[in-house]
>>> print(open('upload.pdb').read())   # PDB, C-alpha atoms
ATOM      1  CA  MET K  29      17.088  21.501  -5.528
ATOM      2  CA  SER K  30      19.150  19.682  -8.158
ATOM      3  CA  GLU K  31      17.755  19.191 -11.637
ATOM      4  CA  ASN K  32      17.369  15.406 -11.372
ATOM      5  CA  LYS K  33      14.960  15.539  -8.418
ATOM      6  CA  ALA K  34      11.306  16.399  -8.306
ATOM      7  CA  GLN K  35       9.324  17.601  -5.319
ATOM      8  CA  THR K  36       5.859  16.071  -5.073
ATOM      9  CA  ARG K  37       2.602  16.717  -3.315
ATOM     10  CA  PRO K  38       0.649  13.718  -1.984
ATOM     11  CA  GLY K  39      -1.372  12.186  -4.791
ATOM     12  CA  GLN K  40       0.601  14.006  -7.484
ATOM     13  CA  GLN K  41       2.047  12.260 -10.522
ATOM     14  CA  VAL K  42       5.515  13.403 -11.551
ATOM     15  CA  ASN K  43       6.944  12.811 -15.007
ATOM     16  CA  HIS K  44      10.693  12.194 -15.169
ATOM     17  CA  PRO K  45      12.822  11.012 -18.123
ATOM     18  CA  GLN K  46      13.325   7.620 -16.440
ATOM     19  CA  LEU K  47      10.693   7.440 -13.699
ATOM     20  CA  ARG K  48       7.009   8.074 -13.284
ATOM     21  CA  ILE K  49       6.497   8.755  -9.597
ATOM     22  CA  ARG K  50       3.295   9.021  -7.614
ATOM     23  CA  THR K  51       2.813   9.742  -3.923
ATOM     24  CA  VAL K  52      -0.149   9.028  -1.664
ATOM     25  CA  ARG K  53      -0.269  10.205   1.940
ATOM     26  CA  THR K  54      -2.213   7.913   4.267
ATOM     27  CA  PRO K  55      -2.564   7.180   7.992
ATOM     28  CA  ASP K  56       0.008   4.395   7.412
ATOM     29  CA  GLY K  57       2.502   6.939   6.090
ATOM     30  CA  LEU K  58       3.575   8.496   2.802
ATOM     31  CA  PHE K  59       3.788   6.032  -0.096
ATOM     32  CA  VAL K  60       6.146   6.934  -2.945
ATOM     33  CA  HIS K  61       5.733   4.631  -5.929
ATOM     34  CA  SER K  62       7.566   4.411  -9.238
ATOM     35  CA  ARG K  63       5.481   2.471 -11.741
ATOM     36  CA  ASN K  64       8.305   1.896 -14.211
ATOM     37  CA  SER K  65      10.776   0.514 -11.680
ATOM     38  CA  GLY K  66       8.231  -1.101  -9.347
ATOM     39  CA  LEU K  67       9.892   0.587  -6.366
ATOM     40  CA  CYS K  68       7.535   1.560  -3.538
ATOM     41  CA  VAL K  69       8.813   3.383  -0.457
ATOM     42  CA  LEU K  70       6.831   3.976   2.738
ATOM     43  CA  ASP K  71       7.701   6.834   5.093
ATOM     44  CA  PRO K  72       5.625   6.198   8.259
ATOM     45  CA  VAL K  73       6.678   9.541   9.765
ATOM     46  CA  ALA K  74       4.709  11.493   7.156
ATOM     47  CA  ALA K  75       1.379   9.890   8.049
ATOM     48  CA  SER K  76      -1.910  11.725   7.583
ATOM     49  CA  LYS K  77      -4.683  11.854  10.167
ATOM     50  CA  CYS K  78      -7.292  10.238   7.961
ATOM     51  CA  TRP K  79      -7.773   8.412   4.652
ATOM     52  CA  LEU K  80      -8.239  10.834   1.756
ATOM     53  CA  ARG K  81      -7.990   8.237  -1.015
ATOM     54  CA  PRO K  82      -7.242   4.515  -1.234
ATOM     55  CA  LEU K  83      -3.964   3.120  -2.460
ATOM     56  CA  TYR K  84      -5.524   0.839  -5.066
ATOM     57  CA  ALA K  85      -8.859   0.129  -6.706
ATOM     58  CA  GLN K  86      -9.886  -3.454  -7.436
ATOM     59  CA  VAL K  87     -12.012  -3.222 -10.577
ATOM     60  CA  ALA K  88     -14.241  -6.138 -11.563
ATOM     61  CA  VAL K  89     -14.600  -5.614 -15.303
ATOM     62  CA  THR K  90     -17.174  -8.405 -15.714
ATOM     63  CA  GLU K  91     -19.194 -10.963 -13.786
ATOM     64  CA  ARG K  92     -18.647 -13.542 -16.535
ATOM     65  CA  CYS K  93     -16.137 -16.341 -16.193
ATOM     66  CA  ASN K  94     -15.195 -19.349 -18.282
ATOM     67  CA  GLN K  95     -15.396 -21.476 -15.135
ATOM     68  CA  HIS K  96     -18.041 -22.180 -12.486
ATOM     69  CA  CYS K  97     -16.137 -22.669  -9.200
ATOM     70  CA  TRP K  98     -18.131 -23.555  -6.094
ATOM     71  CA  TRP K  99     -15.928 -21.322  -3.892
ATOM     72  CA  CYS K 100     -16.334 -18.163  -6.020
ATOM     73  CA  TYR K 101     -17.245 -15.203  -3.792
ATOM     74  CA  THR K 102     -18.707 -13.302  -6.769
ATOM     75  CA  SER K 103     -20.774 -16.268  -8.067
ATOM     76  CA  SER K 104     -19.234 -15.769 -11.503
ATOM     77  CA  SER K 105     -20.070 -18.167 -14.337
ATOM     78  CA  PRO K 106     -20.284 -18.361 -18.142
ATOM     79  CA  SER K 107     -23.961 -17.349 -17.967
ATOM     80  CA  ARG K 108     -23.429 -14.044 -16.144
ATOM     81  CA  SER K 109     -23.761 -11.018 -18.422
ATOM     82  CA  THR K 110     -23.120  -7.894 -16.317
ATOM     83  CA  GLU K 111     -19.927  -6.116 -17.326
ATOM     84  CA  TRP K 112     -18.446  -2.696 -17.908
ATOM     85  CA  ASP K 113     -18.662  -1.070 -21.315
ATOM     86  CA  THR K 114     -15.138  -0.548 -22.661
ATOM     87  CA  GLY K 115     -15.615   3.187 -23.125
ATOM     88  CA  GLU K 116     -16.982   3.572 -19.602
ATOM     89  CA  LEU K 117     -14.019   1.616 -18.227
ATOM     90  CA  LYS K 118     -11.674   4.099 -19.876
ATOM     91  CA  GLU K 119     -13.662   6.947 -18.327
ATOM     92  CA  LEU K 120     -13.385   5.220 -14.927
ATOM     93  CA  VAL K 121      -9.602   4.811 -15.114
ATOM     94  CA  ARG K 122      -9.156   8.412 -16.250
ATOM     95  CA  PHE K 123     -10.993   9.502 -13.136
ATOM     96  CA  LEU K 124      -9.082   7.141 -10.841
ATOM     97  CA  ASP K 125      -5.876   8.552 -12.320
ATOM     98  CA  SER K 126      -6.978  12.122 -11.603
ATOM     99  CA  TRP K 127      -7.948  11.089  -8.054
ATOM    100  CA  GLY K 128      -4.305  10.216  -7.453
ATOM    101  CA  ILE K 129      -4.408   6.589  -6.333
ATOM    102  CA  LEU K 130      -1.455   4.322  -7.053
ATOM    103  CA  GLY K 131      -3.046   1.775  -9.335
ATOM    104  CA  VAL K 132      -5.809  -0.535 -10.472
ATOM    105  CA  ALA K 133      -6.128  -4.292 -10.199
ATOM    106  CA  TYR K 134      -8.374  -5.706 -12.918
ATOM    107  CA  GLY K 135     -10.359  -8.802 -12.050
ATOM    108  CA  GLY K 136     -13.829 -10.222 -12.360
ATOM    109  CA  GLY K 137     -15.294 -12.685 -12.944
ATOM    110  CA  GLU K 138     -12.529 -13.513 -15.364
ATOM    111  CA  PRO K 139     -11.179 -10.315 -16.932
ATOM    112  CA  PHE K 140      -9.895 -12.000 -20.091
ATOM    113  CA  VAL K 141     -13.416 -12.931 -21.206
ATOM    114  CA  HIS K 142     -14.222  -9.204 -21.444
ATOM    115  CA  PRO K 143     -13.988  -8.258 -25.140
ATOM    116  CA  GLY K 144     -12.176  -4.999 -24.412
ATOM    117  CA  ILE K 145      -9.754  -6.070 -21.675
ATOM    118  CA  VAL K 146      -6.585  -5.795 -23.771
ATOM    119  CA  GLU K 147      -7.634  -2.383 -25.039
ATOM    120  CA  VAL K 148      -8.375  -1.212 -21.476
ATOM    121  CA  ILE K 149      -5.080  -2.523 -20.065
ATOM    122  CA  ARG K 150      -3.054  -0.854 -22.802
ATOM    123  CA  TYR K 151      -5.087   2.363 -22.500
ATOM    124  CA  THR K 152      -4.515   2.502 -18.738
ATOM    125  CA  TRP K 153      -0.764   2.077 -19.123
ATOM    126  CA  GLU K 154      -0.348   4.508 -21.999
ATOM    127  CA  ASN K 155      -2.710   7.284 -20.876
ATOM    128  CA  THR K 156      -2.513   7.317 -17.066
ATOM    129  CA  GLY K 157       0.091   7.030 -14.330
ATOM    130  CA  LEU K 158      -1.757   4.128 -12.716
ATOM    131  CA  ASP K 159       0.003   0.892 -11.938
ATOM    132  CA  VAL K 160      -1.738  -2.038 -13.654
ATOM    133  CA  SER K 161      -2.294  -5.521 -12.255
ATOM    134  CA  VAL K 162      -4.521  -8.264 -13.667
ATOM    135  CA  THR K 163      -5.776 -11.423 -11.959
ATOM    136  CA  THR K 164      -6.846 -14.434 -14.021
ATOM    137  CA  ASN K 165      -7.641 -18.117 -13.592
ATOM    138  CA  GLY K 166      -4.967 -18.795 -16.204
ATOM    139  CA  TYR K 167      -7.190 -20.738 -18.592
ATOM    140  CA  ALA K 168      -9.082 -17.847 -20.209
ATOM    141  CA  PRO K 169      -6.336 -15.686 -21.769
ATOM    142  CA  THR K 170      -5.396 -16.451 -25.343
ATOM    143  CA  GLU K 171      -1.797 -16.322 -26.523
ATOM    144  CA  GLU K 172      -2.697 -13.225 -28.541
ATOM    145  CA  GLN K 173      -4.063 -11.498 -25.427
ATOM    146  CA  LEU K 174      -0.968 -12.327 -23.387
ATOM    147  CA  ASP K 175       1.309 -11.120 -26.188
ATOM    148  CA  SER K 176      -0.681  -7.887 -26.446
ATOM    149  CA  ILE K 177      -0.438  -6.897 -22.776
ATOM    150  CA  GLU K 178       3.315  -7.480 -22.433
ATOM    151  CA  GLY K 179       4.871  -4.180 -21.461
ATOM    152  CA  TYR K 180       1.479  -2.708 -20.522
ATOM    153  CA  ALA K 181       0.902  -4.370 -17.139
ATOM    154  CA  SER K 182       3.237  -4.439 -14.165
ATOM    155  CA  GLU K 183       1.898  -7.733 -12.914
ATOM    156  CA  VAL K 184      -0.295 -10.667 -13.845
ATOM    157  CA  ARG K 185      -1.490 -12.908 -11.025
ATOM    158  CA  VAL K 186      -2.815 -16.404 -11.673
ATOM    159  CA  SER K 187      -5.203 -18.007  -9.201
ATOM    160  CA  VAL K 188      -4.235 -21.641  -8.659
ATOM    161  CA  ARG K 189      -6.340 -23.976  -6.529
ATOM    162  CA  ARG K 190      -5.234 -27.527  -7.456
ATOM    163  CA  PRO K 191      -1.844 -29.093  -8.229
ATOM    164  CA  GLU K 192      -3.004 -30.007 -11.744
ATOM    165  CA  ASP K 193      -3.624 -26.293 -12.438
ATOM    166  CA  CYS K 194       0.101 -25.535 -12.168
ATOM    167  CA  ALA K 195       0.668 -26.646 -15.774
ATOM    168  CA  VAL K 196      -1.108 -23.510 -17.043
ATOM    169  CA  LEU K 197       1.544 -21.295 -15.445
ATOM    170  CA  ARG K 198       4.109 -22.120 -18.128
ATOM    171  CA  ARG K 199       2.161 -19.904 -20.560
ATOM    172  CA  PHE K 200       2.925 -16.876 -18.364
ATOM    173  CA  ILE K 201       6.603 -17.471 -17.540
ATOM    174  CA  GLY K 202       9.252 -15.344 -19.241
ATOM    175  CA  ARG K 203       6.943 -12.566 -20.393
ATOM    176  CA  ARG K 204       7.401  -8.841 -19.885
ATOM    177  CA  PHE K 205       5.367  -8.585 -16.704
ATOM    178  CA  ASP K 206       5.876  -9.831 -13.177
ATOM    179  CA  LEU K 207       4.134 -13.138 -12.459
ATOM    180  CA  GLY K 208       2.536 -14.017  -9.148
ATOM    181  CA  VAL K 209       0.325 -16.851  -7.938
ATOM    182  CA  ASN K 210      -2.759 -16.463  -5.748
ATOM    183  CA  LEU K 211      -3.610 -19.321  -3.376
ATOM    184  CA  LEU K 212      -6.687 -19.976  -1.245
ATOM    185  CA  LEU K 213      -6.468 -21.401   2.271
ATOM    186  CA  MET K 214      -9.441 -23.524   3.293
ATOM    187  CA  ARG K 215     -10.023 -25.769   6.273
ATOM    188  CA  GLY K 216      -7.807 -28.806   5.902
ATOM    189  CA  SER K 217      -6.059 -27.494   2.770
ATOM    190  CA  ALA K 218      -2.755 -26.141   4.124
ATOM    191  CA  HIS K 219      -0.913 -29.191   2.769
ATOM    192  CA  VAL K 220      -2.228 -28.343  -0.725
ATOM    193  CA  THR K 221      -1.018 -24.753  -0.330
ATOM    194  CA  ASP K 222       2.398 -26.100   0.667
ATOM    195  CA  GLU K 223       2.501 -28.401  -2.371
ATOM    196  CA  LEU K 224       1.453 -25.617  -4.738
ATOM    197  CA  ILE K 225       4.266 -23.388  -3.476
ATOM    198  CA  ASP K 226       6.695 -26.263  -4.019
ATOM    199  CA  ARG K 227       5.515 -26.836  -7.590
ATOM    200  CA  CYS K 228       5.621 -23.147  -8.467
ATOM    201  CA  THR K 229       9.100 -22.571  -7.072
ATOM    202  CA  GLU K 230      10.336 -25.542  -9.126
ATOM    203  CA  VAL K 231       9.502 -23.596 -12.302
ATOM    204  CA  GLY K 232      10.945 -20.328 -11.024
ATOM    205  CA  ILE K 233       7.870 -18.603  -9.554
ATOM    206  CA  ASP K 234       8.524 -17.133  -6.115
ATOM    207  CA  ASP K 235       5.737 -14.563  -5.603
ATOM    208  CA  PHE K 236       2.648 -15.779  -3.732
ATOM    209  CA  LEU K 237      -0.462 -14.243  -2.213
ATOM    210  CA  VAL K 238      -2.435 -16.457   0.174
ATOM    211  CA  ASN K 239      -6.059 -15.492   0.760
ATOM    212  CA  SER K 240      -8.441 -16.921   3.324
ATOM    213  CA  PHE K 241     -11.560 -18.662   2.033
ATOM    214  CA  VAL K 242     -14.637 -16.666   3.039
ATOM    215  CA  ALA K 243     -18.115 -18.151   2.792
ATOM    216  CA  ALA K 244     -19.586 -15.631   0.358
ATOM    217  CA  GLY K 245     -21.227 -15.735  -3.043
ATOM    218  CA  ARG K 246     -21.450 -19.289  -4.352
ATOM    219  CA  GLY K 247     -19.414 -20.452  -1.369
ATOM    220  CA  ALA K 248     -21.904 -19.088   1.179
ATOM    221  CA  GLN K 249     -23.145 -22.591   2.034
ATOM    222  CA  HIS K 250     -19.632 -23.756   2.962
ATOM    223  CA  ARG K 251     -18.870 -21.764   6.091
ATOM    224  CA  HIS K 252     -17.508 -24.951   7.653
ATOM    225  CA  LEU K 253     -14.609 -24.725   5.177
ATOM    226  CA  GLU K 254     -13.335 -21.379   6.421
ATOM    227  CA  PRO K 255      -9.834 -22.012   7.839
ATOM    228  CA  GLY K 256      -9.447 -22.714  11.540
ATOM    229  CA  GLU K 257      -6.561 -22.072  13.880
ATOM    230  CA  GLU K 258      -4.917 -25.362  12.959
ATOM    231  CA  ASP K 259      -4.935 -24.312   9.294
ATOM    232  CA  VAL K 260      -3.334 -20.968  10.131
ATOM    233  CA  ALA K 261      -0.678 -22.784  12.165
ATOM    234  CA  ALA K 262      -0.013 -25.135   9.228
ATOM    235  CA  LEU K 263       0.278 -22.137   6.892
ATOM    236  CA  CYS K 264       2.841 -20.629   9.269
ATOM    237  CA  ARG K 265       4.896 -23.806   9.016
ATOM    238  CA  ALA K 266       4.674 -23.664   5.210
ATOM    239  CA  VAL K 267       5.854 -20.035   5.248
ATOM    240  CA  ASP K 268       8.759 -21.004   7.497
ATOM    241  CA  ARG K 269       9.721 -23.774   5.073
ATOM    242  CA  HIS K 270       9.792 -21.485   2.026
ATOM    243  CA  ARG K 271      12.031 -18.720   3.333
ATOM    244  CA  THR K 272      13.402 -17.833  -0.101
ATOM    245  CA  ALA K 273       9.946 -17.141  -1.581
ATOM    246  CA  THR K 274       7.986 -13.899  -1.266
ATOM    247  CA  ILE K 275       4.792 -14.948   0.486
ATOM    248  CA  LYS K 276       2.131 -12.307   0.992
ATOM    249  CA  VAL K 277      -1.042 -12.949   2.939
ATOM    250  CA  SER K 278      -4.377 -11.163   3.107
ATOM    251  CA  GLY K 279      -4.986  -8.738   5.956
ATOM    252  CA  ARG K 280      -7.434 -11.232   7.418
ATOM    253  CA  LEU K 281      -4.764 -13.953   7.558
ATOM    254  CA  ALA K 282      -2.047 -11.560   8.749
ATOM    255  CA  ALA K 283      -4.123 -10.634  11.784
ATOM    256  CA  ARG K 284      -4.539 -14.314  12.666
ATOM    257  CA  MET K 285      -0.895 -15.192  12.033
ATOM    258  CA  LYS K 286       0.202 -12.456  14.445
ATOM    259  CA  THR K 287      -1.418 -14.383  17.301
ATOM    260  CA  SER K 288      -0.158 -17.811  16.213
ATOM    261  CA  GLY K 289       3.047 -17.731  18.229
ATOM    262  CA  HIS K 290       5.215 -17.471  15.113
ATOM    263  CA  ARG K 291       7.236 -14.287  14.756
ATOM    264  CA  TYR K 292       6.847 -12.562  11.408
ATOM    265  CA  ARG K 293       7.496  -9.099  10.069
ATOM    266  CA  PHE K 294       4.545  -8.017   7.966
ATOM    267  CA  VAL K 295       5.538  -5.444   5.341
ATOM    268  CA  PRO K 296       3.934  -3.007   5.125
ATOM    269  CA  PHE K 297       0.646  -4.107   6.737
ATOM    270  CA  SER K 298      -0.234  -6.547   9.501
ATOM    271  CA  GLY K 299      -4.021  -6.441   9.316
ATOM    272  CA  GLU K 300      -7.067  -5.102   7.495
ATOM    273  CA  VAL K 301      -7.810  -1.382   7.627
ATOM    274  CA  ARG K 302     -10.868   0.198   6.090
ATOM    275  CA  GLY K 303      -9.825   2.699   3.443
ATOM    276  CA  ARG K 304      -6.592   1.180   2.096
ATOM    277  CA  ILE K 305      -8.365  -0.152  -0.982
ATOM    278  CA  ILE K 306     -11.727   0.012  -2.645
ATOM    279  CA  ALA K 307     -13.472  -2.504  -4.832
ATOM    280  CA  ILE K 308     -15.536  -1.397  -7.815
ATOM    281  CA  THR K 309     -17.978  -3.987  -9.090
ATOM    282  CA  ALA K 310     -19.118  -4.777 -12.613
ATOM    283  CA  ASP K 311     -22.563  -3.376 -11.793
ATOM    284  CA  LYS K 312     -21.112  -0.008 -10.669
ATOM    285  CA  ARG K 313     -20.983  -0.270  -6.914
ATOM    286  CA  VAL K 314     -18.239   0.709  -4.475
ATOM    287  CA  LYS K 315     -17.236  -1.686  -1.688
ATOM    288  CA  PRO K 316     -14.647  -1.514   1.122
ATOM    289  CA  SER K 317     -13.102  -4.685  -0.333
ATOM    290  CA  SER K 318     -14.004  -7.310  -2.901
ATOM    291  CA  LEU K 319     -15.140  -9.692  -0.134
ATOM    292  CA  SER K 320     -17.331  -7.149   1.643
ATOM    293  CA  GLN K 321     -21.110  -7.410   1.577
ATOM    294  CA  GLU K 322     -21.362  -3.604   1.750
ATOM    295  CA  ALA K 323     -21.962  -2.002  -1.621
ATOM    296  CA  TYR K 324     -22.901   1.543  -2.615
ATOM    297  CA  PRO K 325     -24.139   2.293  -6.156
ATOM    298  CA  PHE K 326     -22.912   5.156  -8.304
ATOM    299  CA  ASP K 327     -23.768   6.533 -11.729
ATOM    300  CA  ARG K 328     -20.627   8.555 -12.493
ATOM    301  CA  PRO K 329     -17.012   7.974 -11.401
ATOM    302  CA  GLU K 330     -16.929  11.477  -9.881
ATOM    303  CA  GLU K 331     -19.282  10.217  -7.151
ATOM    304  CA  ILE K 332     -16.728   7.671  -5.883
ATOM    305  CA  PRO K 333     -14.662   9.981  -3.585
ATOM    306  CA  GLU K 334     -17.774  11.071  -1.670
ATOM    307  CA  ILE K 335     -18.883   7.462  -1.265
ATOM    308  CA  TYR K 336     -15.357   6.548  -0.165
ATOM    309  CA  ALA K 337     -15.254   9.361   2.417
ATOM    310  CA  ARG K 338     -18.595   8.302   3.904
ATOM    311  CA  MET K 339     -17.525   4.655   3.824
ATOM    312  CA  VAL K 340     -14.263   5.346   5.673
ATOM    313  CA  SER K 341     -15.957   7.557   8.269
ATOM    314  CA  GLY K 342     -18.764   5.054   8.792
ATOM    315  CA  ASN K 343     -21.337   7.680   7.828
ATOM    316  CA  VAL K 344     -23.115   5.582   5.192
ATOM    317  CA  GLN K 345     -26.786   4.793   4.874
TER     318      GLN K 345
END
>>> encode(input="upload.pdb", output="structure tokens")
Amino acid sequence: MSENKAQTRPGQQVNHPQLRIRTVRTPDGLFVHSRNSGLCVLDPVAASKCWLRPLYAQVAVTERCNQHCWWCYTSSSPSRSTEWDTGELKELVRFLDSWGILGVAYGGGEPFVHPGIVEVIRYTWENTGLDVSVTTNGYAPTEEQLDSIEGYASEVRVSVRRPEDCAVLRRFIGRRFDLGVNLLLMRGSAHVTDELIDRCTEVGIDDFLVNSFVAAGRGAQHRHLEPGEEDVAALCRAVDRHRTATIKVSGRLAARMKTSGHRYRFVPFSGEVRGRIIAITADKRVKPSSLSQEAYPFDRPEEIPEIYARMVSGNVQ
């Protein structure tokens, strides 16, 4: 073996003068990820028989939010008070790092209302090999917070719901992290999604994640607004129209788009699979995803792998 290569075991972090590489073996294949370069390679031949760990953990650092949106699946609001202690968050990310997953995605609530969020983001980047992503509504972060996380997060994603919200994106452009926009498809709203993509691409943003509205949390009374087949078809037309943009969709939407008659190549996933991710709530529960109603409490981070194994196998009570 030459000196500039490193052999890895699945889940092992490798330090290299230029690269920090981590591998995770899954039933989808072997993922090889370099946090510094952002390169992620999937070798489907080296697949495992079962899920031993997720790829990512979605961590809700708080239930508080500076807004009170009717569609919020976590029912976040300014009056909510449940949130992680900063020291306990650091303990959590140290454990997740030792578990060997690829990264963490900080959310909420609104993560930038948490008093320790900048400290936690910088700590995660400096003291672990975890990739770091943060999702925000765009209105909460201060200029000081955004300045302080530059170079300590791979990606910041801004959730945009209305055309007038696009103005907030200018605060995030040109900083030392990748910028993406999260969109929400509701019944009858595909034309808004199309317009938002147009407005974002005009200012140089070309990374989008489209989620499907799910009647949960504060939005539980609005099941009639979950997207129908005509909305999925309209989204397909919007995707076709924006060929130069990178448009990602949730596993739920990918499964529906596969049957729409349009021919897409979904990379790397084309549907939802239990075990790819976990969600960790602000009140210390583990869920199969942030939208799931299943939730299993824990006291210490070391309990998470056992909960995950039972969750993936279906042997949960």
>>> residues_near_point(input="upload.pdb", point="(9.4, 5.7, -9.9)", cutoff="8 Å", atoms="all atoms listed in the file", output="short mmCIF file (atom, residue, chain, number, x, y, z; two decimals) with C-alpha atoms, in the frame of the given file")
data_model
loop_
_atom_site.label_atom_id
_atom_site.label_comp_id
_atom_site.auth_asym_id
_atom_site.auth_seq_id
_atom_site.Cartn_x
_atom_site.Cartn_y
_atom_site.Cartn_z
CA GLN K 46 13.32 7.62 -16.44
CA LEU K 47 10.69 7.44 -13.70
CA ARG K 48 7.01 8.07 -13.28
CA ILE K 49 6.50 8.76 -9.60
CA ARG K 50 3.30 9.02 -7.61
CA VAL K 60 6.15 6.93 -2.94
CA HIS K 61 5.73 4.63 -5.93
CA SER K 62 7.57 4.41 -9.24
CA ARG K 63 5.48 2.47 -11.74
CA ASN K 64 8.30 1.90 -14.21
CA SER K 65 10.78 0.51 -11.68
CA GLY K 66 8.23 -1.10 -9.35
CA LEU K 67 9.89 0.59 -6.37
CA CYS K 68 7.54 1.56 -3.54
#
>>> residues_around(input="upload.pdb", residues="His142 (chain K)", least_positions_apart="5", cutoff="9 Å", atoms="only C-alpha atoms", output="list in words")
Val89, Thr90, Arg92, Glu111, Trp112 and Thr114 of chain K
>>> residues_near_point(input="upload.pdb", point="(-23.0, 3.2, -9.2)", cutoff="9 Å", atoms="all atoms listed in the file", output="ChimeraX atom specification")
/K:308-309,311-314,324-329,331-332
>>> closest_residue(input="upload.pdb", among="K:Trp79, K:Asn210, K:His252, K:Ala244", to="Thr274 (chain K)", atoms="only C-alpha atoms")
K:Asn210
>>> closest_residue(input="upload.pdb", among="K:Glu322, K:Glu300, K:Asp259, K:Glu183", to="Asp56 (chain K)", atoms="only C-alpha atoms")
K:Glu300
>>> atom_distance(input="upload.pdb", atom1="CA of Leu124 (chain K)", atom2="CA of Leu207 (chain K)")
24.3 Å
>>> closest_residue(input="upload.pdb", among="K:Arg81, K:Arg203, K:Tyr101, K:Val231", to="Ser320 (chain K)", atoms="all atoms listed in the file")
K:Tyr101
>>> closest_residue(input="upload.pdb", among="K:Glu91, K:Leu281, K:Val260, K:Glu254", to="Ser103 (chain K)", atoms="only C-alpha atoms")
K:Glu91
>>> resolve_selection(input="upload.pdb", expression="the PyMOL selection byres ((chain K and resi 240-243) around 7)", output="list in words")
Leu212, Leu213, Met214, Val238, Asn239, Ala244, Gly247, Ala248, Gln249, His250, Arg251, Glu254, Pro255 and Leu281 of chain K
>>> decode(input="upload.pdb", residues="region 51-67 of chain K", atoms="N, CA and C atoms", output="PDB file, in the first residue's frame")
ATOM      1  N   THR K  51     -16.123   5.901   6.761  1.00  0.00           N
ATOM      2  CA  THR K  51     -16.868   4.919   5.993  1.00  0.00           C
ATOM      3  C   THR K  51     -17.981   4.325   6.844  1.00  0.00           C
ATOM      4  N   VAL K  52     -19.111   4.054   6.213  1.00  0.00           N
ATOM      5  CA  VAL K  52     -20.221   3.383   6.875  1.00  0.00           C
ATOM      6  C   VAL K  52     -20.763   2.326   5.919  1.00  0.00           C
ATOM      7  N   ARG K  53     -20.780   1.099   6.364  1.00  0.00           N
ATOM      8  CA  ARG K  53     -21.305  -0.001   5.546  1.00  0.00           C
ATOM      9  C   ARG K  53     -22.775  -0.215   5.882  1.00  0.00           C
ATOM     10  N   THR K  54     -23.606  -0.255   4.858  1.00  0.00           N
ATOM     11  CA  THR K  54     -25.054  -0.347   5.029  1.00  0.00           C
ATOM     12  C   THR K  54     -25.628  -1.329   4.013  1.00  0.00           C
ATOM     13  N   PRO K  55     -26.901  -1.686   4.146  1.00  0.00           N
ATOM     14  CA  PRO K  55     -27.531  -2.530   3.122  1.00  0.00           C
ATOM     15  C   PRO K  55     -27.604  -1.858   1.750  1.00  0.00           C
ATOM     16  N   ASP K  56     -27.467  -0.529   1.691  1.00  0.00           N
ATOM     17  CA  ASP K  56     -27.415   0.177   0.408  1.00  0.00           C
ATOM     18  C   ASP K  56     -26.043   0.062  -0.243  1.00  0.00           C
ATOM     19  N   GLY K  57     -25.024  -0.216   0.566  1.00  0.00           N
ATOM     20  CA  GLY K  57     -23.658  -0.283   0.074  1.00  0.00           C
ATOM     21  C   GLY K  57     -22.709   0.383   1.054  1.00  0.00           C
ATOM     22  N   LEU K  58     -21.458   0.498   0.667  1.00  0.00           N
ATOM     23  CA  LEU K  58     -20.436   1.126   1.495  1.00  0.00           C
ATOM     24  C   LEU K  58     -20.336   2.605   1.128  1.00  0.00           C
ATOM     25  N   PHE K  59     -20.584   3.472   2.112  1.00  0.00           N
ATOM     26  CA  PHE K  59     -20.442   4.912   1.921  1.00  0.00           C
ATOM     27  C   PHE K  59     -19.061   5.342   2.387  1.00  0.00           C
ATOM     28  N   VAL K  60     -18.353   6.073   1.538  1.00  0.00           N
ATOM     29  CA  VAL K  60     -17.055   6.648   1.879  1.00  0.00           C
ATOM     30  C   VAL K  60     -17.206   8.160   1.761  1.00  0.00           C
ATOM     31  N   HIS K  61     -17.015   8.859   2.862  1.00  0.00           N
ATOM     32  CA  HIS K  61     -17.302  10.294   2.894  1.00  0.00           C
ATOM     33  C   HIS K  61     -16.097  11.073   3.389  1.00  0.00           C
ATOM     34  N   SER K  62     -15.755  12.127   2.667  1.00  0.00           N
ATOM     35  CA  SER K  62     -14.714  13.055   3.089  1.00  0.00           C
ATOM     36  C   SER K  62     -15.390  14.351   3.519  1.00  0.00           C
ATOM     37  N   ARG K  63     -15.317  14.675   4.788  1.00  0.00           N
ATOM     38  CA  ARG K  63     -15.992  15.866   5.289  1.00  0.00           C
ATOM     39  C   ARG K  63     -15.383  17.142   4.715  1.00  0.00           C
ATOM     40  N   ASN K  64     -14.078  17.195   4.605  1.00  0.00           N
ATOM     41  CA  ASN K  64     -13.426  18.422   4.154  1.00  0.00           C
ATOM     42  C   ASN K  64     -13.721  18.744   2.702  1.00  0.00           C
ATOM     43  N   SER K  65     -13.755  17.707   1.854  1.00  0.00           N
ATOM     44  CA  SER K  65     -14.001  17.941   0.431  1.00  0.00           C
ATOM     45  C   SER K  65     -15.475  17.875   0.080  1.00  0.00           C
ATOM     46  N   GLY K  66     -16.281  17.224   0.930  1.00  0.00           N
ATOM     47  CA  GLY K  66     -17.699  17.036   0.624  1.00  0.00           C
ATOM     48  C   GLY K  66     -17.963  15.850  -0.274  1.00  0.00           C
ATOM     49  N   LEU K  67     -16.912  15.131  -0.687  1.00  0.00           N
ATOM     50  CA  LEU K  67     -17.070  13.999  -1.584  1.00  0.00           C
ATOM     51  C   LEU K  67     -17.659  12.815  -0.833  1.00  0.00           C
TER      52      LEU K  67
END
